file my_file.csv (CSV, C-alpha atoms)
chain,number,residue,atom,x,y,z
A,60,MET,CA,0.0,0.0,0.0
A,61,MET,CA,1.5,3.2,-1.1
A,62,LYS,CA,0.4,6.5,0.3
A,63,VAL,CA,0.2,9.2,-2.4
A,64,ARG,CA,0.5,12.7,-1.0
A,65,SER,CA,0.5,14.7,-4.1
A,66,GLY,CA,1.8,14.3,-7.6
A,67,GLN,CA,2.6,16.0,-10.8
A,68,ILE,CA,0.2,18.1,-12.7
A,69,MET,CA,-2.0,16.1,-15.1
A,70,ASP,CA,-1.0,16.1,-18.7
A,71,GLU,CA,-3.4,17.2,-21.5
A,72,ALA,CA,-4.2,13.6,-22.4
A,73,THR,CA,-5.4,12.9,-18.9
A,74,HIS,CA,-7.4,16.0,-18.7
A,75,ALA,CA,-9.0,15.2,-22.1
A,76,ALA,CA,-9.7,11.5,-21.2
A,77,LEU,CA,-11.4,12.5,-18.0
A,78,ALA,CA,-13.4,15.5,-19.5
A,79,SER,CA,-14.6,13.7,-22.6
A,80,GLY,CA,-15.5,10.5,-20.7
A,81,ARG,CA,-13.0,8.3,-22.5
A,82,ALA,CA,-11.5,7.2,-19.2
A,83,GLU,CA,-13.2,4.7,-16.9
A,84,PRO,CA,-16.2,6.5,-15.3
A,85,GLY,CA,-15.1,5.1,-11.9
A,86,LEU,CA,-11.8,6.9,-12.3
A,87,GLY,CA,-13.5,10.1,-13.4
A,88,LEU,CA,-15.5,10.0,-10.2
A,89,PHE,CA,-12.4,9.2,-8.2
A,90,VAL,CA,-10.4,12.1,-9.6
A,91,ASP,CA,-13.4,14.6,-9.4
A,92,SER,CA,-13.9,13.6,-5.8
A,93,LEU,CA,-10.2,13.9,-5.0
A,94,MET,CA,-9.9,17.3,-6.6
A,95,ALA,CA,-13.0,18.6,-4.9
A,96,MET,CA,-11.8,17.4,-1.5
A,97,ARG,CA,-8.4,19.1,-2.1
A,98,GLY,CA,-10.0,22.3,-3.3
A,99,ILE,CA,-8.6,21.9,-6.9
A,100,SER,CA,-10.8,22.8,-9.8
A,101,ASP,CA,-10.4,21.2,-13.2
A,102,LEU,CA,-13.2,23.2,-14.8
A,103,ALA,CA,-11.1,24.3,-17.7
A,104,ALA,CA,-11.0,20.9,-19.4
A,105,GLU,CA,-14.7,20.3,-19.0
A,106,ALA,CA,-15.5,23.9,-20.0
A,107,ILE,CA,-13.8,23.2,-23.4
A,108,ALA,CA,-16.4,20.4,-23.9
A,109,GLY,CA,-19.2,22.6,-22.6
A,110,ALA,CA,-18.3,25.4,-25.0
A,111,ALA,CA,-18.0,22.9,-27.8
A,112,LEU,CA,-21.6,21.8,-27.1
A,113,GLU,CA,-22.6,25.4,-27.7
A,114,CYS,CA,-20.9,25.3,-31.1
A,115,GLU,CA,-22.6,22.1,-32.0
A,116,ASP,CA,-25.0,21.9,-35.0
A,117,SER,CA,-28.6,22.0,-34.1
A,118,THR,CA,-30.1,18.7,-35.3
A,119,GLU,CA,-33.8,18.7,-35.5
A,120,LEU,CA,-35.9,16.7,-33.1
A,121,PRO,CA,-39.5,15.6,-33.8
A,122,PRO,CA,-42.1,18.3,-33.0
A,123,HIS,CA,-43.5,16.2,-30.1
A,124,ALA,CA,-40.1,15.6,-28.5
A,125,LEU,CA,-40.7,18.2,-25.7
A,126,ASP,CA,-44.1,16.7,-24.9
A,127,MET,CA,-42.6,13.3,-24.7
A,128,VAL,CA,-40.0,14.6,-22.3
A,129,PHE,CA,-42.7,16.2,-20.1
A,130,ALA,CA,-44.7,13.0,-20.2
A,131,ALA,CA,-41.6,11.0,-19.0
A,132,ILE,CA,-41.0,13.6,-16.3
A,133,GLU,CA,-44.6,13.1,-15.0
A,134,ARG,CA,-44.3,9.3,-15.1
A,135,GLY,CA,-41.1,9.3,-13.0
A,136,PRO,CA,-40.1,10.6,-9.6
A,137,GLN,CA,-40.3,14.4,-9.1
A,138,PRO,CA,-37.1,16.4,-8.6
A,139,THR,CA,-35.6,15.8,-5.3
A,140,THR,CA,-34.4,18.8,-3.4
A,141,LYS,CA,-32.7,16.9,-0.6
A,142,ARG,CA,-31.0,13.6,-0.8
A,143,SER,CA,-31.2,11.9,2.5
A,144,LEU,CA,-28.4,9.4,2.8
A,145,ARG,CA,-28.2,6.4,5.1
A,146,TYR,CA,-25.1,7.9,6.7
A,147,PRO,CA,-25.6,11.6,7.1
A,148,GLU,CA,-21.8,12.2,7.5
A,149,LEU,CA,-21.5,11.5,3.8
A,150,SER,CA,-23.8,14.3,2.7
A,151,GLY,CA,-21.0,16.9,2.9
A,152,LEU,CA,-19.0,15.0,0.2
A,153,PRO,CA,-18.6,16.4,-3.4
A,154,ALA,CA,-22.0,16.6,-5.1
A,155,ALA,CA,-21.2,14.0,-7.8
A,156,LEU,CA,-20.3,11.5,-5.2
A,157,VAL,CA,-23.4,12.2,-3.0
A,158,ASP,CA,-25.5,11.7,-6.1
A,159,ALA,CA,-23.8,8.4,-7.0
A,160,ILE,CA,-24.3,7.2,-3.4
A,161,ALA,CA,-27.9,8.2,-3.3
A,162,THR,CA,-28.6,6.4,-6.6
A,163,ALA,CA,-26.8,3.2,-5.4
A,164,GLU,CA,-28.7,3.3,-2.1
A,165,ARG,CA,-32.0,3.3,-4.0
A,166,GLY,CA,-30.7,0.3,-6.0
A,167,ARG,CA,-28.8,-2.6,-4.5
A,168,GLY,CA,-27.9,-0.7,-1.3
A,169,TRP,CA,-25.4,-1.4,1.4
A,170,LYS,CA,-24.3,-5.0,1.8
A,171,ALA,CA,-22.5,-6.5,4.8
A,172,ALA,CA,-19.1,-7.8,3.9
A,173,THR,CA,-17.5,-8.9,7.1
A,174,ARG,CA,-18.1,-8.0,10.7
A,175,GLY,CA,-18.1,-4.2,11.0
A,176,VAL,CA,-17.5,-3.7,7.3
A,177,SER,CA,-20.1,-3.0,4.6
A,178,GLN,CA,-19.9,-2.0,0.9
A,179,LEU,CA,-22.0,0.0,-1.4
A,180,GLN,CA,-21.3,-0.8,-5.0
A,181,LEU,CA,-21.8,2.3,-7.2
A,182,ASN,CA,-23.7,1.6,-10.4
A,183,LEU,CA,-21.2,3.2,-12.8
A,184,SER,CA,-20.6,1.9,-16.3
A,185,GLY,CA,-17.2,0.8,-17.4
A,186,ARG,CA,-15.1,-2.2,-16.3
A,187,ALA,CA,-13.7,-0.9,-13.1
A,188,ARG,CA,-15.4,-1.8,-9.8
A,189,THR,CA,-16.3,1.3,-7.9
A,190,GLU,CA,-17.6,1.1,-4.3
A,191,ILE,CA,-17.9,2.9,-1.0
A,192,ILE,CA,-16.6,0.9,1.9
A,193,ARG,CA,-17.6,1.6,5.5
A,194,ILE,CA,-15.5,0.3,8.3
A,195,GLU,CA,-17.0,0.6,11.9
A,196,ALA,CA,-14.8,2.5,14.4
A,197,GLY,CA,-12.0,0.5,15.6
A,198,THR,CA,-12.7,-2.4,13.3
A,199,ALA,CA,-10.0,-4.2,11.3
A,200,VAL,CA,-10.7,-5.5,7.8
A,201,PRO,CA,-9.5,-9.1,7.6
A,202,ARG,CA,-6.0,-9.4,6.2
A,203,HIS,CA,-6.3,-9.5,2.4
A,204,SER,CA,-4.4,-9.1,-0.8
A,205,HIS,CA,-5.6,-7.6,-4.1
A,206,LYS,CA,-6.5,-9.4,-7.3
A,207,GLY,CA,-5.6,-6.3,-9.4
A,208,GLN,CA,-4.7,-2.7,-8.7
A,209,GLU,CA,-6.9,-0.7,-6.3
A,210,LEU,CA,-7.0,3.0,-5.7
A,211,THR,CA,-8.5,4.2,-2.4
A,212,LEU,CA,-9.6,7.7,-1.4
A,213,CYS,CA,-10.3,8.2,2.2
A,214,LEU,CA,-13.6,10.2,2.4
A,215,VAL,CA,-14.6,10.4,6.1
A,216,GLY,CA,-12.8,9.3,9.2
A,217,GLY,CA,-9.4,7.7,9.1
A,218,TYR,CA,-7.7,4.3,9.0
A,219,SER,CA,-4.2,2.9,9.2
A,220,ASP,CA,-2.7,-0.3,7.9
A,221,GLY,CA,0.7,-0.6,9.6
A,222,ARG,CA,2.4,1.2,6.7
A,223,GLY,CA,0.6,4.5,6.9
A,224,ALA,CA,-2.3,6.5,8.4
A,225,TYR,CA,-4.9,7.9,6.1
A,226,GLY,CA,-7.4,10.7,6.6
A,227,PRO,CA,-9.9,12.5,4.4
A,228,GLY,CA,-8.4,13.3,1.0
A,229,ASP,CA,-5.6,10.8,1.3
A,230,VAL,CA,-5.1,8.4,-1.6
A,231,SER,CA,-3.4,5.0,-1.5
A,232,ILE,CA,-2.7,2.4,-4.1
A,233,ALA,CA,-2.5,-1.3,-3.6
A,234,ASP,CA,-1.5,-4.0,-6.1
A,235,PRO,CA,-1.3,-7.8,-5.9
A,236,SER,CA,2.0,-7.6,-4.0
A,237,VAL,CA,0.3,-5.9,-1.1
A,238,ARG,CA,-1.2,-7.9,1.8
A,239,HIS,CA,-2.5,-5.7,4.6
A,240,GLN,CA,-5.1,-5.3,7.3
A,241,PRO,CA,-6.5,-1.8,7.4
A,242,LYS,CA,-8.1,-0.7,10.7
A,243,ALA,CA,-10.5,2.2,11.2
A,244,ASP,CA,-9.6,4.8,13.8
A,245,ASP,CA,-11.3,4.4,17.1
A,246,ASP,CA,-13.1,7.8,17.0
A,247,GLY,CA,-15.7,7.0,14.3
A,248,ALA,CA,-16.6,5.0,11.2
A,249,CYS,CA,-14.4,5.3,8.3
A,250,PHE,CA,-15.6,5.6,4.7
A,251,VAL,CA,-13.4,5.2,1.6
A,252,LEU,CA,-14.0,5.3,-2.1
A,253,ALA,CA,-12.3,2.3,-3.8
A,254,VAL,CA,-11.8,1.8,-7.5
A,255,SER,CA,-10.3,-1.5,-8.6
A,256,ASP,CA,-9.5,-3.0,-12.0
A,257,ALA,CA,-10.2,-6.6,-10.7
A,258,GLY,CA,-7.5,-8.2,-12.7
A,259,PHE,CA,-7.6,-6.2,-16.0
A,260,LYS,CA,-5.2,-3.4,-16.3
A,261,ILE,CA,-6.4,0.2,-16.5
A,262,ALA,CA,-3.7,2.4,-17.9
A,263,ILE,CA,-4.7,5.3,-15.8
A,264,LEU,CA,-3.5,3.5,-12.7
A,265,ASP,CA,0.0,4.1,-14.1
A,266,TRP,CA,-0.4,7.6,-12.8
A,267,PHE,CA,0.9,6.5,-9.5
A,268,ARG,CA,4.0,4.8,-10.5
B,81,MET,CA,-26.4,15.9,-41.6
B,82,VAL,CA,-23.9,16.3,-38.9
B,83,GLY,CA,-20.7,18.1,-39.7
B,84,SER,CA,-21.7,18.8,-43.2
B,85,GLY,CA,-20.2,21.9,-44.8
B,86,SER,CA,-16.9,21.5,-43.0
B,87,SER,CA,-14.0,19.4,-44.1
B,88,GLU,CA,-13.4,17.5,-40.9
B,89,GLY,CA,-16.7,17.8,-39.1
B,90,ARG,CA,-15.6,20.9,-37.4
B,91,LEU,CA,-18.0,22.6,-35.0
B,92,ALA,CA,-19.4,25.6,-36.9
B,93,GLY,CA,-21.6,27.3,-34.4
B,94,GLU,CA,-20.7,30.0,-31.9
B,95,VAL,CA,-20.5,30.0,-28.2
B,96,LEU,CA,-23.2,31.6,-26.1
B,97,ALA,CA,-22.7,35.3,-25.2
B,98,GLN,CA,-22.0,35.9,-21.5
B,99,GLU,CA,-25.5,37.3,-20.9
B,100,ASP,CA,-27.1,34.2,-22.4
B,101,ARG,CA,-25.0,31.9,-20.1
B,102,VAL,CA,-26.2,33.9,-17.1
B,103,ARG,CA,-29.8,33.7,-18.3
B,104,PHE,CA,-29.6,29.9,-18.9
B,105,ALA,CA,-28.3,29.5,-15.4
B,106,ASP,CA,-31.3,31.5,-14.1
B,107,LEU,CA,-33.6,29.3,-16.1
B,108,LEU,CA,-32.1,26.1,-14.7
B,109,VAL,CA,-32.4,27.5,-11.2
B,110,ALA,CA,-36.1,28.3,-12.0
B,111,VAL,CA,-36.6,24.6,-13.0
B,112,ALA,CA,-35.0,23.5,-9.8
B,113,THR,CA,-36.9,25.9,-7.4
B,114,THR,CA,-40.3,26.3,-9.0
B,115,GLN,CA,-40.5,23.4,-11.6
B,116,ASP,CA,-40.8,26.2,-14.2
B,117,ARG,CA,-41.9,24.5,-17.4
B,118,ALA,CA,-41.5,27.5,-19.6
B,119,ALA,CA,-37.9,27.9,-18.4
B,120,PHE,CA,-37.3,24.2,-19.1
B,121,SER,CA,-38.8,24.4,-22.6
B,122,GLU,CA,-36.4,27.2,-23.5
B,123,LEU,CA,-33.4,25.1,-22.3
B,124,PHE,CA,-34.8,22.1,-24.1
B,125,ASN,CA,-35.1,24.0,-27.4
B,126,TYR,CA,-31.4,25.1,-27.2
B,127,TYR,CA,-29.8,22.0,-25.7
B,128,ALA,CA,-31.7,19.0,-27.0
B,129,PRO,CA,-30.8,19.5,-30.7
B,130,ARG,CA,-27.2,20.0,-29.7
B,131,VAL,CA,-27.0,17.0,-27.5
B,132,LYS,CA,-28.5,15.0,-30.4
B,133,SER,CA,-25.8,16.3,-32.7
B,134,TYR,CA,-23.1,15.4,-30.2
B,135,LEU,CA,-24.4,11.8,-29.9
B,136,MET,CA,-24.6,11.5,-33.7
B,137,ARG,CA,-21.1,12.9,-34.0
B,138,LEU,CA,-20.0,10.1,-31.7
B,139,GLY,CA,-21.7,7.4,-33.7
B,140,SER,CA,-25.3,7.1,-32.6
B,141,ASP,CA,-27.9,6.8,-35.3
B,142,ASN,CA,-30.8,9.2,-35.6
B,143,ALA,CA,-33.3,7.2,-33.6
B,144,GLN,CA,-30.9,6.4,-30.8
B,145,ALA,CA,-29.6,10.0,-30.6
B,146,GLU,CA,-33.2,11.2,-30.3
B,147,GLU,CA,-34.0,8.8,-27.5
B,148,ILE,CA,-30.8,9.5,-25.6
B,149,SER,CA,-31.1,13.3,-25.9
B,150,GLN,CA,-34.7,13.1,-24.5
B,151,ASP,CA,-33.4,11.0,-21.7
B,152,VAL,CA,-30.7,13.6,-21.0
B,153,MET,CA,-33.3,16.3,-20.8
B,154,VAL,CA,-35.4,14.3,-18.4
B,155,THR,CA,-32.3,14.0,-16.2
B,156,VAL,CA,-31.7,17.8,-16.5
B,157,TRP,CA,-35.2,18.3,-15.0
B,158,ARG,CA,-34.7,15.7,-12.3
B,159,LYS,CA,-31.3,16.8,-11.2
B,160,ALA,CA,-31.7,20.5,-11.7
B,161,SER,CA,-31.4,21.0,-7.9
B,162,LEU,CA,-27.8,19.7,-8.1
B,163,PHE,CA,-26.8,22.4,-10.5
B,164,ASP,CA,-24.5,25.0,-8.9
B,165,ARG,CA,-23.7,28.0,-11.0
B,166,LEU,CA,-20.5,28.6,-9.0
B,167,GLN,CA,-19.2,25.2,-10.2
B,168,ALA,CA,-20.0,25.2,-13.9
B,169,SER,CA,-22.0,26.7,-16.7
B,170,VAL,CA,-25.3,25.1,-17.8
B,171,SER,CA,-23.6,23.9,-21.0
B,172,THR,CA,-20.8,22.2,-19.1
B,173,TRP,CA,-23.2,20.7,-16.7
B,174,ILE,CA,-25.5,19.3,-19.4
B,175,PHE,CA,-22.4,18.1,-21.4
B,176,ARG,CA,-21.5,16.0,-18.3
B,177,ILE,CA,-25.0,14.4,-18.2
B,178,ALA,CA,-24.9,13.6,-21.9
B,179,ARG,CA,-21.4,12.2,-21.7
B,180,ASN,CA,-22.3,10.0,-18.8
B,181,ARG,CA,-25.5,8.8,-20.3
B,182,ARG,CA,-23.7,8.0,-23.5
B,183,ILE,CA,-21.2,5.9,-21.6
B,184,ASP,CA,-24.1,4.1,-19.9
B,185,VAL,CA,-25.7,3.2,-23.2
B,186,PHE,CA,-22.6,2.2,-25.0
B,187,ARG,CA,-20.8,0.3,-22.3
B,188,ARG,CA,-21.7,-3.1,-23.8
B,189,THR,CA,-20.8,-2.2,-27.4
B,190,LYS,CA,-17.7,-0.2,-27.1
B,191,LYS,CA,-14.9,-0.3,-24.6
B,192,PRO,CA,-13.1,3.1,-24.5
B,193,ASP,CA,-9.5,2.0,-24.1
B,194,LEU,CA,-6.8,4.3,-23.3
B,195,ASP,CA,-3.7,4.3,-25.4
B,196,PRO,CA,-1.1,2.4,-23.4
B,197,GLU,CA,1.4,5.1,-24.2
B,198,GLU,CA,-0.6,7.8,-22.6
B,199,THR,CA,0.9,8.6,-19.3
B,200,MET,CA,-1.6,9.4,-16.7
B,201,LEU,CA,-0.5,11.6,-13.8
B,202,LEU,CA,-2.0,12.3,-10.5
B,203,PRO,CA,-3.7,15.6,-10.1
B,204,SER,CA,-1.6,18.1,-8.4
B,205,GLY,CA,-2.0,18.3,-4.6
B,206,VAL,CA,-1.1,21.9,-4.7
B,207,GLU,CA,-4.1,24.1,-4.2
B,208,ALA,CA,-4.9,26.4,-7.0
B,209,PRO,CA,-4.3,30.0,-5.9
B,210,ASP,CA,-7.8,31.0,-6.7
B,211,ALA,CA,-9.6,27.7,-6.6
B,212,ARG,CA,-12.9,29.4,-5.7
B,213,VAL,CA,-13.0,31.7,-8.6
B,214,ASP,CA,-16.6,31.9,-9.9
B,215,ALA,CA,-17.1,29.4,-12.7
B,216,MET,CA,-18.7,32.0,-14.8
B,217,GLU,CA,-15.4,33.7,-15.0
B,218,THR,CA,-13.5,30.5,-15.9
B,219,GLU,CA,-16.1,29.6,-18.5
B,220,ALA,CA,-15.8,33.1,-20.0
B,221,ARG,CA,-12.0,32.9,-20.1
B,222,VAL,CA,-12.1,29.5,-21.7
B,223,ARG,CA,-14.3,30.8,-24.5
B,224,ALA,CA,-12.2,33.9,-25.0
B,225,ALA,CA,-9.1,31.8,-25.3
B,226,MET,CA,-10.8,29.4,-27.7
B,227,LYS,CA,-11.7,32.4,-29.9
B,228,ASP,CA,-8.0,33.4,-30.1
B,229,LEU,CA,-6.7,30.0,-31.0
B,230,PRO,CA,-5.8,29.2,-34.6
B,231,SER,CA,-8.6,27.1,-36.0
B,232,GLU,CA,-6.5,23.9,-36.3
B,233,GLN,CA,-5.6,24.1,-32.6
B,234,LEU,CA,-9.2,24.7,-31.7
B,235,GLN,CA,-10.2,21.6,-33.7
B,236,LEU,CA,-7.6,19.5,-31.9
B,237,LEU,CA,-8.9,20.6,-28.5
B,238,GLN,CA,-12.5,19.7,-29.6
B,239,LEU,CA,-11.5,16.3,-30.9
B,240,SER,CA,-9.6,15.6,-27.7
B,241,PHE,CA,-11.7,17.1,-25.0
B,242,TYR,CA,-15.2,16.9,-26.5
B,243,GLU,CA,-15.2,13.9,-28.8
B,244,GLY,CA,-12.8,12.0,-26.6
B,245,LEU,CA,-10.4,10.8,-29.4
B,246,SER,CA,-6.9,9.8,-28.3
B,247,HIS,CA,-3.9,11.6,-29.7
B,248,ARG,CA,-3.3,8.6,-31.9
B,249,GLU,CA,-6.8,8.5,-33.3
B,250,ILE,CA,-6.6,12.3,-34.0
B,251,ALA,CA,-3.3,11.8,-35.8
B,252,GLU,CA,-5.0,9.1,-38.0
B,253,LYS,CA,-8.1,11.1,-38.6
B,254,LEU,CA,-6.3,14.2,-39.7
B,255,ASP,CA,-3.4,12.5,-41.3
B,256,LEU,CA,-0.8,14.3,-39.1
B,257,PRO,CA,2.3,12.9,-37.3
B,258,LEU,CA,1.5,11.8,-33.7
B,259,GLY,CA,4.2,14.1,-32.4
B,260,THR,CA,2.6,17.1,-34.1
B,261,VAL,CA,-0.8,16.3,-32.6
B,262,LYS,CA,0.7,16.0,-29.2
B,263,SER,CA,2.7,19.3,-29.3
B,264,ARG,CA,-0.2,21.3,-30.8
B,265,ILE,CA,-2.6,20.1,-28.2
B,266,ARG,CA,-0.1,20.8,-25.5
B,267,MET,CA,0.4,24.3,-26.9
B,268,ALA,CA,-3.3,25.0,-27.2
B,269,PHE,CA,-4.1,23.7,-23.7
B,270,SER,CA,-1.3,25.7,-22.1
B,271,LYS,CA,-2.5,28.8,-23.8
B,272,MET,CA,-5.9,28.2,-22.3
B,273,LYS,CA,-4.4,27.6,-18.9
B,274,SER,CA,-2.3,30.7,-19.0
B,275,ARG,CA,-5.4,32.7,-19.9
B,276,LEU,CA,-7.1,31.3,-16.8
B,277,ASP,CA,-4.2,32.3,-14.6
B,278,GLU,CA,-4.2,35.9,-15.7
B,279,GLU,CA,-5.0,38.5,-13.1
call {"tool": "encode", "arguments": {"input": "my_file.csv", "output": "structure tokens"}}
result
Amino acid sequence: MMKVRSGQIMDEATHAALASGRAEPGLGLFVDSLMAMRGISDLAAEAIAGAALECEDSTELPPHALDMVFAAIERGPQPTTKRSLRYPELSGLPAALVDAIATAERGRGWKAATRGVSQLQLNLSGRARTEIIRIEAGTAVPRHSHKGQELTLCLVGGYSDGRGAYGPGDVSIADPSVRHQPKADDDGACFVLAVSDAGFKIAILDWFR
Amino acid sequence: MVGSGSSEGRLAGEVLAQEDRVRFADLLVAVATTQDRAAFSELFNYYAPRVKSYLMRLGSDNAQAEEISQDVMVTVWRKASLFDRLQASVSTWIFRIARNRRIDVFRRTKKPDLDPEETMLLPSGVEAPDARVDAMETEARVRAAMKDLPSEQLQLLQLSFYEGLSHREIAEKLDLPLGTVKSRIRMAFSKMKSRLDEE
């Protein structure tokens, strides 16, 4: 497990892969969350895409398209002004993350993994596995290794694994050579965002090498 | 016909004027706070045909692009309360929804692989000096910088940041050496960044 404090500036290819959606959506969410938690904005890259949308041709839609949209809006749930999450301490996280958590809670929801540990798998597309893991205060996750590479962003609370201590905004990376037993701090539950490639290789993880 | 009238499917339209971006943000806030249908209709009339073009540019057929663009607009209505004008313009916000929806739909048919040669770096841990600058200002500066770029550099940025082509794919599409594509994109993006850092 390697703790990553900070790194180089992203290159243009990375900015573009994340902004355009070519990169794994799980990694996009990971980087957005990380940057939001560290107070970094990467609006410029996405604003290029937003401005491009303004320059886009206007392709005609059928005349009834708007009515169909209003009909779909009436069939479905009305706009939610407040998302109530199962764990209120998560509601202060970056908006995209809160939204993904709220959506996942309405779907499969939290699943118990081992004693004191539960997981919420986020329903993102792409091949990476993206989940929120909650570790009860003072609980140790059973010693384990990793099938592939795994990136972890500490969201709330803290944990340590004998190699380092992690708090909100800290990133760590594990690969199959790592065997460890993370333990949540005693003063409260710890939540992390984990993105793993489950055996296949995502080039973006080479960031951290 | 998407991209007709331009040799490489360039984007021919113009960006919104500052006052229109402000007004669109007002309209979206009205959708969020009072479920204002007239405000939504106006946003629909501007964005739905553009989202449809975006989807067709990236390979959807007409029927699929229509269906997805309507889906995107339903999401715009439902998630309007999550829009924050200090974080992004309406265009950027809707682009993200369209981008994510497209990925959802296409996940089974196409796997967007990254070029193995692309090096990916961790975002800087250094806090931007003015990280809380109003998004309206950033969005305006990005547009101003885009206006000043030579058209071939602008096209490269759009292919890369909007259409999501890799540097290699762009080199093949435009029949340019890979190194030229890389250096031009780097130059264009750094011009943009320096514009954002200006006082």
call {"tool": "residues_around", "arguments": {"input": "my_file.csv", "residues": "Gln235 (chain B)", "least_positions_apart": "5", "cutoff": "10 Å", "atoms": "only C-alpha atoms", "output": "list in words"}}
result
Ala111 of chain A; Glu88, Gly89, Arg90, Leu91, Met226, Leu229, Pro230, Ser240, Phe241, Tyr242, Ile250 and Ile265 of chain B
call {"tool": "closest_residue", "arguments": {"input": "my_file.csv", "among": "A:Thr173, A:Gln178, A:Gln208, A:Ser231", "to": "chain B", "atoms": "all atoms listed in the file"}}
result
A:Ser231
call {"tool": "closest_residue", "arguments": {"input": "my_file.csv", "among": "A:Ala248, A:Ala95, A:Leu183, A:Ile160", "to": "Ala196 (chain A)", "atoms": "only C-alpha atoms"}}
result
A:Ala248
call {"tool": "atom_distance", "arguments": {"input": "my_file.csv", "atom1": "CA of Val230 (chain A)", "atom2": "CA of Arg179 (chain B)"}}
result
26.2 Å
call {"tool": "residues_around", "arguments": {"input": "my_file.csv", "residues": "Leu86 (chain A)", "least_positions_apart": "2", "cutoff": "9 Å", "atoms": "only C-alpha atoms", "output": "list in words"}}
result
Leu77, Ala82, Glu83, Pro84, Leu88, Phe89, Val90, Asp91, Ala187, Thr189, Val254, Ile263 and Leu264 of chain A
call {"tool": "residues_around", "arguments": {"input": "my_file.csv", "residues": "Ala225 (chain B)", "least_positions_apart": "5", "cutoff": "8 Å", "atoms": "all atoms listed in the file", "output": "list of chain:residue names"}}
result
B:Lys271, B:Met272, B:Arg275
call {"tool": "closest_residue", "arguments": {"input": "my_file.csv", "among": "B:Leu245, B:Ala251, B:Met216, B:Leu96", "to": "Arg81 (chain A)", "atoms": "only C-alpha atoms"}}
result
B:Leu245
call {"tool": "atom_distance", "arguments": {"input": "my_file.csv", "atom1": "CA of Asp116 (chain B)", "atom2": "CA of Ser169 (chain B)"}}
result
19.0 Å
call {"tool": "atom_distance", "arguments": {"input": "my_file.csv", "atom1": "CA of Phe124 (chain B)", "atom2": "CA of Gln150 (chain B)"}}
result
9.0 Å
call {"tool": "residues_around", "arguments": {"input": "my_file.csv", "residues": "Gln98 (chain B)", "least_positions_apart": "3", "cutoff": "9 Å", "atoms": "all atoms listed in the file", "output": "list in words"}}
result
Arg101, Val102, Arg103, Met216 and Ala220 of chain B
call {"tool": "closest_residue", "arguments": {"input": "my_file.csv", "among": "A:Val176, A:Ala155, A:Ile232, A:Ile132", "to": "Gln115 (chain B)", "atoms": "all atoms listed in the file"}}
result
A:Ile132
call {"tool": "closest_residue", "arguments": {"input": "my_file.csv", "among": "B:Gly244, B:Asp228, B:Ile174, B:Asn142", "to": "chain A", "atoms": "all atoms listed in the file"}}
result
B:Gly244
call {"tool": "residues_around", "arguments": {"input": "my_file.csv", "residues": "Val200 (chain A)", "least_positions_apart": "2", "cutoff": "10 Å", "atoms": "all atoms listed in the file", "output": "PyMOL selection string"}}
result
chain A and resi 172-176+194-195+197-198+202-203+220+239-243
call {"tool": "closest_residue", "arguments": {"input": "my_file.csv", "among": "B:Thr172, B:Thr114, B:Ser270, B:Thr260", "to": "chain A", "atoms": "only C-alpha atoms"}}
result
B:Thr172
